[in-house]
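Novice: Supplied structure: query.cif, mmCIF, C-alpha atoms.
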data_input
#
loop_
_atom_site.label_atom_id
_atom_site.label_comp_id
_atom_site.auth_asym_id
_atom_site.auth_seq_id
_atom_site.Cartn_x
_atom_site.Cartn_y
_atom_site.Cartn_z
CA MET C 1 -19.04 -56.55 -37.20
CA SER C 2 -19.12 -58.77 -40.27
CA VAL C 3 -20.81 -57.78 -43.51
CA SER C 4 -23.16 -60.75 -43.26
CA MET C 5 -24.43 -59.58 -39.88
CA LEU C 6 -24.90 -55.91 -40.64
CA CYS C 7 -26.91 -56.51 -43.81
CA LEU C 8 -29.70 -58.24 -41.96
CA THR C 9 -30.11 -55.42 -39.47
CA SER C 10 -29.17 -52.06 -40.93
CA VAL C 11 -30.29 -52.46 -44.51
CA VAL C 12 -33.91 -53.07 -43.61
CA LYS C 13 -34.03 -49.49 -42.38
CA ALA C 14 -31.75 -48.11 -45.07
CA THR C 15 -33.92 -49.41 -47.91
CA ASP C 16 -37.20 -47.99 -46.56
CA LEU C 17 -37.22 -45.15 -49.08
CA ARG C 18 -40.90 -44.37 -48.60
CA ASP C 19 -40.42 -43.24 -45.00
CA PRO C 20 -37.34 -41.08 -44.36
CA GLU C 21 -37.95 -41.34 -40.62
CA LYS C 22 -37.15 -45.05 -40.83
CA SER C 23 -34.22 -44.65 -43.20
CA GLN C 24 -30.57 -44.53 -42.30
CA THR C 25 -28.42 -41.72 -43.59
CA GLU C 26 -25.76 -42.66 -46.10
CA GLU C 27 -23.15 -41.83 -43.46
CA GLN C 28 -24.57 -44.54 -41.20
CA THR C 29 -24.77 -47.02 -44.09
CA LEU C 30 -21.18 -46.34 -45.11
CA LYS C 31 -20.06 -46.82 -41.54
CA ALA C 32 -21.82 -50.18 -41.38
CA LEU C 33 -20.37 -51.24 -44.75
CA ALA C 34 -16.94 -49.67 -44.26
CA GLN C 35 -15.14 -52.82 -45.44
CA ILE C 36 -16.71 -52.66 -48.91
CA ALA C 37 -18.01 -49.12 -49.50
CA LYS C 38 -16.43 -45.68 -49.22
CA ARG C 39 -17.17 -42.10 -50.20
CA LYS C 40 -14.56 -39.49 -51.02
CA GLY C 41 -16.25 -36.21 -51.74
CA LYS C 42 -18.57 -36.68 -54.70
CA THR C 43 -17.28 -40.17 -55.52
CA LEU C 44 -18.99 -43.28 -54.13
CA SER C 45 -16.72 -46.33 -54.45
CA LEU C 46 -18.00 -49.89 -54.05
CA SER C 47 -15.64 -52.86 -53.72
CA LEU C 48 -16.52 -55.95 -55.77
CA ASN C 49 -15.86 -59.58 -54.95
CA THR C 50 -13.24 -59.57 -57.73
CA LYS C 51 -11.20 -57.03 -55.70
CA ASN C 52 -11.99 -54.43 -58.35
CA SER C 53 -14.34 -51.54 -57.64
CA THR C 54 -17.09 -49.58 -59.34
CA THR C 55 -17.76 -45.89 -58.77
CA PHE C 56 -20.64 -43.43 -58.93
CA GLU C 57 -19.83 -39.76 -59.46
CA THR C 58 -22.20 -37.08 -58.21
CA VAL C 59 -22.56 -34.03 -60.47
CA ASP C 60 -24.20 -31.19 -58.59
CA THR C 61 -23.59 -27.99 -60.51
CA CYS C 62 -27.28 -28.25 -61.47
CA ALA C 63 -27.21 -25.62 -64.18
CA GLY C 64 -29.48 -27.94 -66.14
CA PRO C 65 -30.81 -31.52 -66.29
CA GLY C 66 -27.57 -32.90 -67.71
CA ASP C 67 -25.38 -31.90 -64.80
CA CYS C 68 -27.60 -32.55 -61.79
CA VAL C 69 -27.41 -36.15 -60.56
CA SER C 70 -26.45 -37.57 -57.19
CA TYR C 71 -25.92 -41.09 -55.89
CA GLN C 72 -26.63 -42.44 -52.42
CA LEU C 73 -25.69 -45.85 -51.08
CA VAL C 74 -28.84 -47.31 -49.56
CA GLY C 75 -27.44 -50.66 -48.41
CA LEU C 76 -27.27 -54.25 -49.59
CA SER C 77 -29.95 -56.47 -51.09
CA PRO C 78 -31.55 -59.11 -48.84
CA ASP C 79 -29.30 -61.82 -50.32
CA ARG C 80 -26.27 -59.51 -49.84
CA ASN C 81 -25.16 -60.06 -53.45
CA PHE C 82 -26.04 -56.54 -54.65
CA PHE C 83 -25.35 -53.00 -53.56
CA VAL C 84 -28.48 -50.83 -53.54
CA VAL C 85 -27.84 -47.32 -54.90
CA LYS C 86 -30.36 -44.51 -55.29
CA GLU C 87 -29.94 -42.04 -58.17
CA SER C 88 -31.56 -38.62 -57.84
CA ALA C 89 -31.62 -36.48 -60.98
CA TRP C 90 -33.08 -33.13 -62.07
CA GLU C 91 -36.73 -34.18 -61.91
CA SER C 92 -36.57 -37.91 -61.35
CA SER C 93 -35.16 -40.67 -59.21
CA THR C 94 -34.51 -44.37 -59.64
CA LEU C 95 -32.91 -47.30 -57.86
CA TYR C 96 -30.10 -49.63 -58.94
CA TRP C 97 -29.03 -53.05 -57.75
CA VAL C 98 -25.31 -53.32 -58.48
CA SER C 99 -23.87 -56.83 -58.67
CA ARG C 100 -21.09 -57.34 -56.15
CA SER C 101 -19.59 -60.02 -58.41
CA THR C 102 -19.61 -58.16 -61.77
CA GLY C 103 -20.33 -54.49 -61.06
CA VAL C 104 -23.24 -54.57 -63.52
CA LYS C 105 -25.95 -52.00 -62.71
CA HIS C 106 -29.52 -53.25 -62.86
CA GLU C 107 -32.15 -50.51 -62.79
CA VAL C 108 -35.01 -51.70 -60.58
CA TYR C 109 -36.77 -48.29 -60.53
CA ALA C 110 -38.01 -48.37 -56.91
CA GLU C 111 -37.88 -50.58 -53.85
CA PRO C 112 -38.33 -54.20 -55.04
CA HIS C 113 -39.97 -57.01 -53.08
CA LEU C 114 -38.36 -60.41 -52.68
CA SER C 115 -40.35 -63.57 -53.42
CA PRO C 116 -40.93 -66.16 -50.65
CA ASP C 117 -38.47 -68.58 -52.28
CA ARG C 118 -35.95 -65.71 -52.72
CA ARG C 119 -35.66 -66.42 -56.46
CA HIS C 120 -37.38 -63.28 -57.81
CA ILE C 121 -37.85 -59.60 -57.05
CA ILE C 122 -40.71 -57.43 -58.26
CA THR C 123 -41.07 -53.67 -58.50
CA ALA C 124 -44.48 -52.06 -58.92
CA ASN C 125 -43.72 -48.39 -59.42
CA PRO C 126 -46.85 -46.17 -59.51
CA SER C 127 -45.10 -43.12 -60.92
CA GLU C 128 -47.06 -40.25 -62.48
CA PHE C 129 -44.00 -38.05 -62.91
CA GLY C 130 -40.25 -38.38 -62.60
CA GLY C 131 -39.93 -42.15 -62.73
CA THR C 132 -40.62 -45.21 -64.86
CA ASN C 133 -44.23 -46.28 -64.33
CA GLY C 134 -45.13 -49.96 -64.45
CA VAL C 135 -44.53 -53.47 -63.20
CA PHE C 136 -41.15 -55.24 -63.48
CA LEU C 137 -39.88 -58.62 -62.33
CA TRP C 138 -36.43 -60.20 -62.30
CA GLU C 139 -35.04 -63.64 -61.60
CA ILE C 140 -32.09 -63.78 -59.19
CA ASN C 141 -29.39 -66.23 -60.23
CA ASP C 142 -25.89 -66.42 -58.78
CA GLY C 143 -25.50 -62.71 -58.10
CA LYS C 144 -27.13 -61.66 -61.38
CA LEU C 145 -30.56 -60.37 -62.34
CA ALA C 146 -32.45 -61.51 -65.44
CA GLU C 147 -35.54 -59.50 -66.34
CA LYS C 148 -38.53 -61.80 -66.82
CA PHE C 149 -41.39 -59.29 -66.98
CA HIS C 150 -41.49 -55.65 -68.09
CA PHE C 151 -44.74 -53.73 -68.40
CA GLU C 152 -45.17 -49.99 -68.90
CA PRO C 153 -48.85 -49.11 -69.44
CA THR C 154 -49.66 -47.05 -72.50
CA GLU C 155 -52.81 -45.62 -70.90
CA TYR C 156 -53.18 -44.05 -67.46
CA ALA C 157 -52.73 -46.83 -64.90
CA LEU C 158 -50.79 -47.05 -61.64
CA TYR C 159 -49.83 -50.38 -60.10
CA SER C 160 -48.89 -50.86 -56.45
CA PHE C 161 -47.40 -53.92 -54.76
CA VAL C 162 -49.60 -55.63 -52.18
CA ARG C 163 -47.94 -58.97 -51.39
CA TRP C 164 -46.52 -62.20 -52.70
CA LEU C 165 -49.25 -64.84 -52.38
CA ASN C 166 -46.78 -67.62 -53.20
CA PRO C 167 -43.56 -67.90 -55.26
CA ASN C 168 -45.62 -67.89 -58.50
CA THR C 169 -48.24 -65.24 -57.73
CA VAL C 170 -48.04 -61.55 -56.82
CA GLU C 171 -51.02 -59.53 -55.67
CA LEU C 172 -51.07 -55.94 -56.98
CA GLU C 173 -53.50 -53.05 -56.95
CA LYS C 174 -54.40 -51.17 -60.12
CA PHE C 175 -55.54 -47.54 -60.06
CA MET C 176 -57.04 -46.18 -63.28
CA ARG C 177 -59.64 -43.85 -64.75
CA ALA C 178 -63.13 -44.98 -63.94
CA ASP C 179 -65.31 -47.05 -66.20
CA LYS C 180 -68.48 -44.96 -66.06
CA ALA C 181 -70.61 -48.08 -66.38
CA VAL C 182 -69.15 -49.21 -63.05
CA CYS C 183 -68.29 -45.94 -61.28
CA PRO C 184 -70.61 -43.31 -62.80
CA GLU C 185 -69.98 -40.67 -60.13
CA THR C 186 -66.20 -40.84 -59.68
CA SER C 187 -63.18 -40.14 -61.86
CA PHE C 188 -61.05 -43.11 -60.82
CA MET C 189 -61.30 -46.66 -59.59
CA LYS C 190 -58.99 -49.29 -58.15
CA PHE C 191 -59.13 -53.06 -57.95
CA PRO C 192 -56.87 -56.05 -57.25
CA VAL C 193 -54.90 -57.71 -60.05
CA ARG C 194 -52.30 -60.45 -60.09
CA LEU C 195 -49.02 -61.22 -61.78
CA VAL C 196 -48.93 -64.97 -62.29
CA LEU C 197 -46.34 -67.45 -63.57
CA GLU C 198 -48.01 -69.72 -66.13
CA ASP C 199 -46.21 -72.17 -68.41
CA GLY C 200 -42.88 -70.50 -67.69
CA LEU C 201 -44.12 -66.96 -68.47
CA TRP C 202 -45.20 -64.17 -66.15
CA LYS C 203 -48.59 -62.67 -67.10
CA LEU C 204 -50.86 -59.96 -65.72
CA ASP C 205 -54.30 -61.22 -64.76
CA GLU C 206 -56.74 -58.29 -64.51
CA PRO C 207 -60.28 -59.56 -63.88
CA LEU C 208 -62.70 -56.62 -63.63
CA GLU C 209 -65.15 -57.89 -61.02
CA ARG C 210 -67.68 -55.42 -59.59
CA ALA C 211 -67.37 -56.81 -56.09
CA THR C 212 -63.66 -55.98 -55.92
CA ILE C 213 -63.80 -52.49 -57.48
CA SER C 214 -63.47 -49.41 -55.32
CA CYS C 215 -64.72 -46.18 -56.90
CA GLU C 216 -62.41 -43.31 -56.00
#
Now that the file is in, can you turn its structure into structure tokens?
Specialist:
Amino acid sequence: MSVSMLCLTSVVKATDLRDPEKSQTEEQTLKALAQIAKRKGKTLSLSLNTKNSTTFETVDTCAGPGDCVSYQLVGLSPDRNFFVVKESAWESSTLYWVSRSTGVKHEVYAEPHLSPDRRHIITANPSEFGGTNGVFLWEINDGKLAEKFHFEPTEYALYSFVRWLNPNTVELEKFMRADKAVCPETSFMKFPVRLVLEDGLWKLDEPLERATISCE
């Protein structure tokens, strides 16, 4: 089986981190990607297009936060130009896209979503503990990622991905503490927001319209 064929089938399941029942084990992923990925004990080795390799070393003594980190190969990105590697640490986890051409690790925090034109990925990571909370977007260019939007809220707010409306607009959902003028009897509220490309810049558009607010 060629690499190009297996990526379209197996990685869809392997990258579904939210539902372990739908996820492949690393053993299955390594078997599918045997030509370019191997594990020897605690060392995960990934072959690059340059014929070099990059490695991830699990440290599992776990006597403290500094020596408790493991790495799992999840699969390949939809364009097959990046390895997807999950890092699990003492009290946190994150996700990396590793360039198959350069070996550069790009932290994408959680499962990203590919734009309809396949030129961008976005991660909305609603993390209250153990992860980086916020909204992040990258441009994909020739096997490299360039960060174009990075937002970590300074007040309590959780953003979740809903869908790409078009290549220039992402629909998100924002969960935050309630505005008592709008939701007098609840502690939280949620409402739709958008990340929009305007004049070459990505911007959050957060209209607070009563008709779209759900009091939680």
Novice: Smallest atom-to-atom distance to Asn125 (chain C): which of C:Ser160, C:Gln28, C:Gln35, C:Ser92, using all atoms listed in the file?
Specialist: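 Among the listed residues, the smallest separation from Asn125 (chain C) belongs to C:Ser160.
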Novice: Taking the file as shown, what set of residues would the PyMOL selection byres ((chain C and resi 106) around 6) give back, as a PyMOL selection string?
Specialist: chain C and resi 96-97+105+107
Novice: I'd like the residues picked by the PyMOL selection byres ((chain C and resi 45) around 10) written out as a list in words, using the chain letters and numbers from the file.
Specialist: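 Answer for the PyMOL selection byres ((chain C and resi 45) around 10): Ile36, Ala37, Lys38, Arg39, Lys40, Lys42, Thr43, Leu44, Leu46, Ser47, Leu48, Ser53, Thr54, Thr55, Phe56, Glu57 and Leu73 of chain C.
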Novice: Next, the residues of the selection above should be written as an mmCIF file, in the coordinates of the input with C-alpha atoms.
Specialist:
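To be explicit, this is the file written out as result-v9.cif:
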data_model
loop_
_atom_site.group_PDB
_atom_site.id
_atom_site.type_symbol
_atom_site.label_atom_id
_atom_site.label_comp_id
_atom_site.auth_asym_id
_atom_site.auth_seq_id
_atom_site.Cartn_x
_atom_site.Cartn_y
_atom_site.Cartn_z
ATOM 1 C CA ILE C 36 -16.710 -52.660 -48.910
ATOM 2 C CA ALA C 37 -18.010 -49.120 -49.500
ATOM 3 C CA LYS C 38 -16.430 -45.680 -49.220
ATOM 4 C CA ARG C 39 -17.170 -42.100 -50.200
ATOM 5 C CA LYS C 40 -14.560 -39.490 -51.020
ATOM 6 C CA LYS C 42 -18.570 -36.680 -54.700
ATOM 7 C CA THR C 43 -17.280 -40.170 -55.520
ATOM 8 C CA LEU C 44 -18.990 -43.280 -54.130
ATOM 9 C CA LEU C 46 -18.000 -49.890 -54.050
ATOM 10 C CA SER C 47 -15.640 -52.860 -53.720
ATOM 11 C CA LEU C 48 -16.520 -55.950 -55.770
ATOM 12 C CA SER C 53 -14.340 -51.540 -57.640
ATOM 13 C CA THR C 54 -17.090 -49.580 -59.340
ATOM 14 C CA THR C 55 -17.760 -45.890 -58.770
ATOM 15 C CA PHE C 56 -20.640 -43.430 -58.930
ATOM 16 C CA GLU C 57 -19.830 -39.760 -59.460
ATOM 17 C CA LEU C 73 -25.690 -45.850 -51.080
#
Novice: CA of Phe149 (chain C) and CA of Tyr109 (chain C) are how many Å apart?
Specialist: 13.6 Å
Novice: Neighbouring residues of Val182 (chain C) were defined as those with any atom within 9 Å, considering all atoms listed in the file; residues of the same chain fewer than 6 positions away were excluded. Please report them as an mmCIF file with C-alpha atoms, keeping the file's coordinate frame.
Specialist:
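Final output, saved to part_38.cif:
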data_model
loop_
_atom_site.group_PDB
_atom_site.id
_atom_site.type_symbol
_atom_site.label_atom_id
_atom_site.label_comp_id
_atom_site.auth_asym_id
_atom_site.auth_seq_id
_atom_site.Cartn_x
_atom_site.Cartn_y
_atom_site.Cartn_z
ATOM 1 C CA MET C 189 -61.300 -46.660 -59.590
ATOM 2 C CA ARG C 210 -67.680 -55.420 -59.590
ATOM 3 C CA ILE C 213 -63.800 -52.490 -57.480
ATOM 4 C CA CYS C 215 -64.720 -46.180 -56.900
#
Novice: Return the single residue from C:Asn166, C:Gln72, C:Ser214, C:Thr154 that is closest to Thr25 (chain C), with distances computed using all atoms listed in the file.
Specialist: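 Comparing C:Asn166, C:Gln72, C:Ser214, C:Thr154 against Thr25 (chain C), the winner is C:Gln72.
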Novice: Quick one: distance from CA of Ser187 (chain C) to CA of Gly134 (chain C) in Å, one decimal?
Specialist: 20.7 Å
Novice: For a test of reading the model, state the distance in Å between CA of Thr50 (chain C) and CA of Ser88 (chain C), rounded to one decimal.
Specialist: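 Here the two named atoms are 27.8 Å from each other.
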Novice: Select, from C:Pro112, C:Gly131, C:Pro126, C:Gly66, the residue with the minimum atom-to-atom distance to Ser93 (chain C), counting only C-alpha atoms.
Specialist: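 Among the listed residues, the smallest separation from Ser93 (chain C) belongs to C:Gly131.
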